[in-house]
Amino acid sequence: MLSHSVKIIALTAGAVCAAIGDFVRTYGGGWVILLLCTPAVWGQSADEEPFVNNLDAAYAVDADPEQTAALSATEDIPEEVRDDLGELEEEATRDEVRQFHQVLEDLLVEFGYDVKTGQLRKINNVAVRRVTVSDAIPGSYKKFLALLVSERIKKNASIRVVQCITCQVKSSTLLDGKMVITSPVTDLSVLQTMSERLGIEYFVDVMLVYHTTHMVLGFEVFKAKNQELVWARTYNSETVKSRYQRLAIDYSQIASARQEDEYQPEYRIMAGFGGGGIPNVSGGDLDSTMLAIQLRSTEKFDRRRTEFGMMLSLYVSMASILSEYPTVEGTGSTETTTEDTAQNSDFVVPAEPQPFTTAIGLFGLYSRNFLPTVESYDAVRQGMHYGVGAVLASGYIAPALKGGWDVFFGRSYVLSLSLTYMTPSKIFLGGETVDTQGGLGGVGVVSYNF
């Protein structure tokens, strides 16, 4: 009984050491595990058989999942500690699967990028013929991997994907007293017959190799008619991120999976400064010449090609900014004389509207961007925008329409040229309404894209 208790304590200590070992391997501090898990700490004598933590060995990075399952089922573990070890097993397996799928997602994302940029644009009527995986990956994963590959092809290109169920069917024949098993995968004549019957022009072979330090995903695309190889590519998890760092693109355009479960909107916020002219209620050219401060906020959709949002513009007239240039005392002035004239009390000067010095333009904005399949910040992009709103000043409001052209330089800067048409309006002047004329104006703004 005492010996059995000692074994239970040793197994429990080994399980704790295994859990601490996983923590140490992740966060450092190797001397802690060395101190806690030495035989001297637990009172193990040199004559006793050293304790072997099979659970830690089974859940190593390069462990075979089938061996791990067999260990959990056959290991002679006392009932008192089996529940605790089961929790450790579940946690270790869950972490390993999550990391595996994250790496596989990165490889599929890069494959989707190549498909989206047109590397398979001359290929159509394609079917996945064969999927090969490493021994450490369960064979049932082949069907799932074929589904993931078909999904990326359909999502990123207008390629017809054919489900060739008969390509996986095996047949047996009796030849010279021997049973011969064949399938379209190994018999090219049968494969060609299947392709002609289903209209398949190209086949895809997929290979997934899993190592303890990295993962490799490979593709081969060949013609069904003569087995000519037309495209081949391998993706290594060690170099996938560096490729996107070299490219001037946003990685979120390619990645289809997000950490969050809910939809994450993508906004464009721009603030800019420029100038131009808009119609004023009165005054001269300086009253219609404006400095413009512009704020623009939109949400992107339709694969970044369409935006909808609001635009706020602040106009300040040049007449309110410019003042008489200062002069030195005693120069630059002339004397003028005026003659007194008799005023006619019967003559009344009509009131005239004063030009506004500041105004605010508020527009609902729709934008359409002319982008390639994947937006690259290394190229100059262009787009156009339309807006409906109003221009407001003190005692004045005029409906307005806006249309313009946008030029995107790199990732941060945008040049916008727009025309604004202000409709005729009315203002209150001396207790009466007075009609104001509308007109056409234009503004150029350089904005910073946040």
# chains A, B, ... in the order shown; residues from 1 in each chain; ligands from 1
>>> residues_around(residues="region 142-151 of chain A", least_positions_apart="4", cutoff="10 Å", atoms="only C-alpha atoms", output="number ranges by chain")
A: 104-105, 108, 111-112, 126-133, 137-138, 155-156, 159-163, 204-208, 219
>>> closest_atom_pairs(of="region 414-445 of chain A", to="region 276-279 of chain A", cutoff="9 Å", atoms="only C-alpha atoms", output="Markdown table")
| residue | atom | partner | partner_atom | distance |
| --- | --- | --- | --- | --- |
| A:Thr420 | CA | A:Ile278 | CA | 7.3 |
| A:Tyr421 | CA | A:Ile278 | CA | 8.3 |
| A:Met422 | CA | A:Pro279 | CA | 7.3 |
| A:Gln437 | CA | A:Pro279 | CA | 8.2 |
| A:Gly438 | CA | A:Pro279 | CA | 6.5 |
| A:Gly439 | CA | A:Pro279 | CA | 5.7 |
| A:Leu440 | CA | A:Ile278 | CA | 6.7 |
| A:Gly441 | CA | A:Ile278 | CA | 4.3 |
| A:Gly442 | CA | A:Gly277 | CA | 5.5 |
| A:Val443 | CA | A:Gly276 | CA | 4.2 |
| A:Gly444 | CA | A:Gly276 | CA | 6.2 |
| A:Val445 | CA | A:Gly276 | CA | 8.8 |
>>> write_last_selection(atoms="N, CA and C atoms", output="CSV table (one decimal), in the first residue's frame")
chain,number,residue,atom,x,y,z
A,420,THR,N,-17.7,71.8,-57.3
A,420,THR,CA,-18.9,72.0,-56.4
A,420,THR,C,-19.9,72.9,-57.1
A,421,TYR,N,-21.1,72.4,-57.3
A,421,TYR,CA,-22.2,73.3,-57.9
A,421,TYR,C,-23.2,73.6,-56.7
A,422,MET,N,-23.3,74.9,-56.5
A,422,MET,CA,-24.2,75.5,-55.5
A,422,MET,C,-25.5,76.0,-56.2
A,437,GLN,N,-27.7,84.0,-56.2
A,437,GLN,CA,-27.3,83.2,-57.4
A,437,GLN,C,-26.4,82.0,-57.0
A,438,GLY,N,-26.6,81.0,-57.7
A,438,GLY,CA,-25.7,79.8,-57.5
A,438,GLY,C,-24.5,79.9,-58.4
A,439,GLY,N,-23.8,78.8,-58.6
A,439,GLY,CA,-22.7,78.8,-59.5
A,439,GLY,C,-21.8,77.5,-59.3
A,440,LEU,N,-20.8,77.5,-60.0
A,440,LEU,CA,-19.8,76.4,-60.0
A,440,LEU,C,-18.5,76.8,-59.5
A,441,GLY,N,-18.0,76.0,-58.6
A,441,GLY,CA,-16.6,76.2,-58.0
A,441,GLY,C,-15.8,75.0,-58.0
A,442,GLY,N,-14.5,75.2,-57.7
A,442,GLY,CA,-13.6,74.0,-57.7
A,442,GLY,C,-12.6,74.2,-56.6
A,443,VAL,N,-12.2,73.0,-56.0
A,443,VAL,CA,-11.3,73.0,-54.9
A,443,VAL,C,-10.3,71.9,-55.1
A,444,GLY,N,-9.0,72.1,-54.8
A,444,GLY,CA,-8.0,71.1,-54.8
A,444,GLY,C,-7.4,70.9,-53.4
A,445,VAL,N,-7.3,69.7,-52.9
A,445,VAL,CA,-7.0,69.4,-51.5
A,445,VAL,C,-5.9,68.3,-51.5
>>> atom_distance(atom1="CA of Arg411 (chain A)", atom2="CA of Leu312 (chain A)")
21.8 Å
>>> closest_residue(among="A:Thr213, A:Thr358, A:Thr289, A:Ser418", to="Gly404 (chain A)", atoms="only C-alpha atoms")
A:Ser418
>>> residues_around(residues="Met311 (chain A)", least_positions_apart="3", cutoff="9 Å", atoms="only C-alpha atoms", output="list in words")
Gln294, Leu295, Arg296, Ser297, Thr298, Gly361, Leu362, Phe363, Gly364, Leu365 and Gly387 of chain A
>>> atom_distance(atom1="CA of Thr182 (chain A)", atom2="CA of Asn124 (chain A)")
27.2 Å
>>> select_by_dssp(residues="region 173-223 of chain A", states="alpha helix (DSSP H)", output="ChimeraX atom specification")
/A:188-198
>>> write_last_selection(atoms="C-alpha atoms", output="PDB file, in the first residue's frame")
ATOM      1  CA  LEU A 188      -3.493   7.411 -66.526  1.00  0.00           C
ATOM      2  CA  SER A 189      -5.785   5.927 -69.173  1.00  0.00           C
ATOM      3  CA  VAL A 190      -8.624   5.682 -66.681  1.00  0.00           C
ATOM      4  CA  LEU A 191      -7.831   9.188 -65.481  1.00  0.00           C
ATOM      5  CA  GLN A 192      -8.086  10.567 -69.013  1.00  0.00           C
ATOM      6  CA  THR A 193     -11.408   8.795 -69.517  1.00  0.00           C
ATOM      7  CA  MET A 194     -12.781  10.312 -66.325  1.00  0.00           C
ATOM      8  CA  SER A 195     -11.578  13.778 -67.301  1.00  0.00           C
ATOM      9  CA  GLU A 196     -13.245  13.593 -70.731  1.00  0.00           C
ATOM     10  CA  ARG A 197     -16.487  12.420 -69.183  1.00  0.00           C
ATOM     11  CA  LEU A 198     -16.586  15.221 -66.578  1.00  0.00           C
TER      12      LEU A 198
END
>>> closest_residue(among="A:Gly403, A:Gly283, A:Pro372, A:Pro265", to="Met384 (chain A)", atoms="only C-alpha atoms")
A:Gly403
>>> atom_distance(atom1="CA of His101 (chain A)", atom2="CA of Cys167 (chain A)")
27.3 Å
>>> select_by_dssp(residues="region 199-246 of chain A", states="strand (DSSP E or B)", output="list in words")
Tyr202, Phe203, Val204, Asp205, Val206, Met207, Leu208, Val209, Tyr210, Met215, Val216, Leu217, Gly218, Phe219, Glu220, Val221, Phe222, Lys223, Leu229, Val230, Trp231, Ala232, Arg233, Thr234, Tyr235 and Asn236 of chain A
>>> write_last_selection(atoms="N, CA and C atoms", output="PDB file, in the first residue's frame")
ATOM      1  N   TYR A 202      -7.742  20.259 -66.270  1.00  0.00           N
ATOM      2  CA  TYR A 202      -6.517  20.298 -65.466  1.00  0.00           C
ATOM      3  C   TYR A 202      -6.766  19.585 -64.142  1.00  0.00           C
ATOM      4  N   PHE A 203      -5.710  18.947 -63.643  1.00  0.00           N
ATOM      5  CA  PHE A 203      -5.731  18.302 -62.338  1.00  0.00           C
ATOM      6  C   PHE A 203      -4.729  18.996 -61.419  1.00  0.00           C
ATOM      7  N   VAL A 204      -5.043  18.969 -60.131  1.00  0.00           N
ATOM      8  CA  VAL A 204      -4.184  19.567 -59.104  1.00  0.00           C
ATOM      9  C   VAL A 204      -3.798  18.487 -58.103  1.00  0.00           C
ATOM     10  N   ASP A 205      -2.501  18.371 -57.858  1.00  0.00           N
ATOM     11  CA  ASP A 205      -1.987  17.501 -56.805  1.00  0.00           C
ATOM     12  C   ASP A 205      -1.474  18.381 -55.666  1.00  0.00           C
ATOM     13  N   VAL A 206      -1.838  18.023 -54.441  1.00  0.00           N
ATOM     14  CA  VAL A 206      -1.485  18.818 -53.266  1.00  0.00           C
ATOM     15  C   VAL A 206      -0.641  17.950 -52.337  1.00  0.00           C
ATOM     16  N   MET A 207       0.397  18.558 -51.766  1.00  0.00           N
ATOM     17  CA  MET A 207       1.268  17.862 -50.825  1.00  0.00           C
ATOM     18  C   MET A 207       1.479  18.746 -49.609  1.00  0.00           C
ATOM     19  N   LEU A 208       1.244  18.188 -48.419  1.00  0.00           N
ATOM     20  CA  LEU A 208       1.453  18.909 -47.161  1.00  0.00           C
ATOM     21  C   LEU A 208       2.483  18.148 -46.333  1.00  0.00           C
ATOM     22  N   VAL A 209       3.617  18.794 -46.068  1.00  0.00           N
ATOM     23  CA  VAL A 209       4.705  18.191 -45.297  1.00  0.00           C
ATOM     24  C   VAL A 209       4.799  18.922 -43.969  1.00  0.00           C
ATOM     25  N   TYR A 210       4.737  18.181 -42.895  1.00  0.00           N
ATOM     26  CA  TYR A 210       4.770  18.754 -41.548  1.00  0.00           C
ATOM     27  C   TYR A 210       6.072  18.360 -40.855  1.00  0.00           C
ATOM     28  N   MET A 215       6.415  24.042 -41.874  1.00  0.00           N
ATOM     29  CA  MET A 215       5.464  23.298 -42.685  1.00  0.00           C
ATOM     30  C   MET A 215       5.606  23.738 -44.137  1.00  0.00           C
ATOM     31  N   VAL A 216       5.455  22.798 -45.068  1.00  0.00           N
ATOM     32  CA  VAL A 216       5.584  23.085 -46.494  1.00  0.00           C
ATOM     33  C   VAL A 216       4.323  22.593 -47.193  1.00  0.00           C
ATOM     34  N   LEU A 217       3.753  23.473 -48.021  1.00  0.00           N
ATOM     35  CA  LEU A 217       2.568  23.142 -48.813  1.00  0.00           C
ATOM     36  C   LEU A 217       2.941  23.268 -50.289  1.00  0.00           C
ATOM     37  N   GLY A 218       2.765  22.193 -51.040  1.00  0.00           N
ATOM     38  CA  GLY A 218       3.158  22.181 -52.446  1.00  0.00           C
ATOM     39  C   GLY A 218       1.987  21.885 -53.366  1.00  0.00           C
ATOM     40  N   PHE A 219       2.074  22.431 -54.611  1.00  0.00           N
ATOM     41  CA  PHE A 219       1.022  22.251 -55.612  1.00  0.00           C
ATOM     42  C   PHE A 219       1.652  21.892 -56.955  1.00  0.00           C
ATOM     43  N   GLU A 220       0.967  21.029 -57.679  1.00  0.00           N
ATOM     44  CA  GLU A 220       1.302  20.711 -59.064  1.00  0.00           C
ATOM     45  C   GLU A 220       0.024  20.743 -59.881  1.00  0.00           C
ATOM     46  N   VAL A 221       0.045  21.495 -60.977  1.00  0.00           N
ATOM     47  CA  VAL A 221      -1.099  21.582 -61.875  1.00  0.00           C
ATOM     48  C   VAL A 221      -0.642  21.075 -63.240  1.00  0.00           C
ATOM     49  N   PHE A 222      -1.358  20.091 -63.776  1.00  0.00           N
ATOM     50  CA  PHE A 222      -0.977  19.518 -65.063  1.00  0.00           C
ATOM     51  C   PHE A 222      -2.226  19.265 -65.906  1.00  0.00           C
ATOM     52  N   LYS A 223      -2.011  19.181 -67.202  1.00  0.00           N
ATOM     53  CA  LYS A 223      -3.112  18.964 -68.134  1.00  0.00           C
ATOM     54  C   LYS A 223      -3.610  17.531 -68.029  1.00  0.00           C
ATOM     55  N   LEU A 229       2.969  19.358 -67.200  1.00  0.00           N
ATOM     56  CA  LEU A 229       2.994  20.212 -66.016  1.00  0.00           C
ATOM     57  C   LEU A 229       2.954  21.678 -66.460  1.00  0.00           C
ATOM     58  N   VAL A 230       1.968  22.422 -65.969  1.00  0.00           N
ATOM     59  CA  VAL A 230       1.808  23.823 -66.376  1.00  0.00           C
ATOM     60  C   VAL A 230       2.105  24.795 -65.238  1.00  0.00           C
ATOM     61  N   TRP A 231       2.047  24.338 -63.976  1.00  0.00           N
ATOM     62  CA  TRP A 231       2.321  25.246 -62.859  1.00  0.00           C
ATOM     63  C   TRP A 231       2.677  24.422 -61.639  1.00  0.00           C
ATOM     64  N   ALA A 232       3.698  24.861 -60.912  1.00  0.00           N
ATOM     65  CA  ALA A 232       4.121  24.189 -59.687  1.00  0.00           C
ATOM     66  C   ALA A 232       4.639  25.238 -58.717  1.00  0.00           C
ATOM     67  N   ARG A 233       4.335  25.032 -57.445  1.00  0.00           N
ATOM     68  CA  ARG A 233       4.764  26.014 -56.450  1.00  0.00           C
ATOM     69  C   ARG A 233       4.771  25.381 -55.072  1.00  0.00           C
ATOM     70  N   THR A 234       5.762  25.738 -54.259  1.00  0.00           N
ATOM     71  CA  THR A 234       5.821  25.309 -52.863  1.00  0.00           C
ATOM     72  C   THR A 234       5.815  26.541 -51.975  1.00  0.00           C
ATOM     73  N   TYR A 235       5.192  26.411 -50.816  1.00  0.00           N
ATOM     74  CA  TYR A 235       5.079  27.500 -49.849  1.00  0.00           C
ATOM     75  C   TYR A 235       5.638  27.018 -48.518  1.00  0.00           C
ATOM     76  N   ASN A 236       6.618  27.738 -48.006  1.00  0.00           N
ATOM     77  CA  ASN A 236       7.294  27.379 -46.775  1.00  0.00           C
ATOM     78  C   ASN A 236       6.858  28.343 -45.676  1.00  0.00           C
TER      79      ASN A 236
END
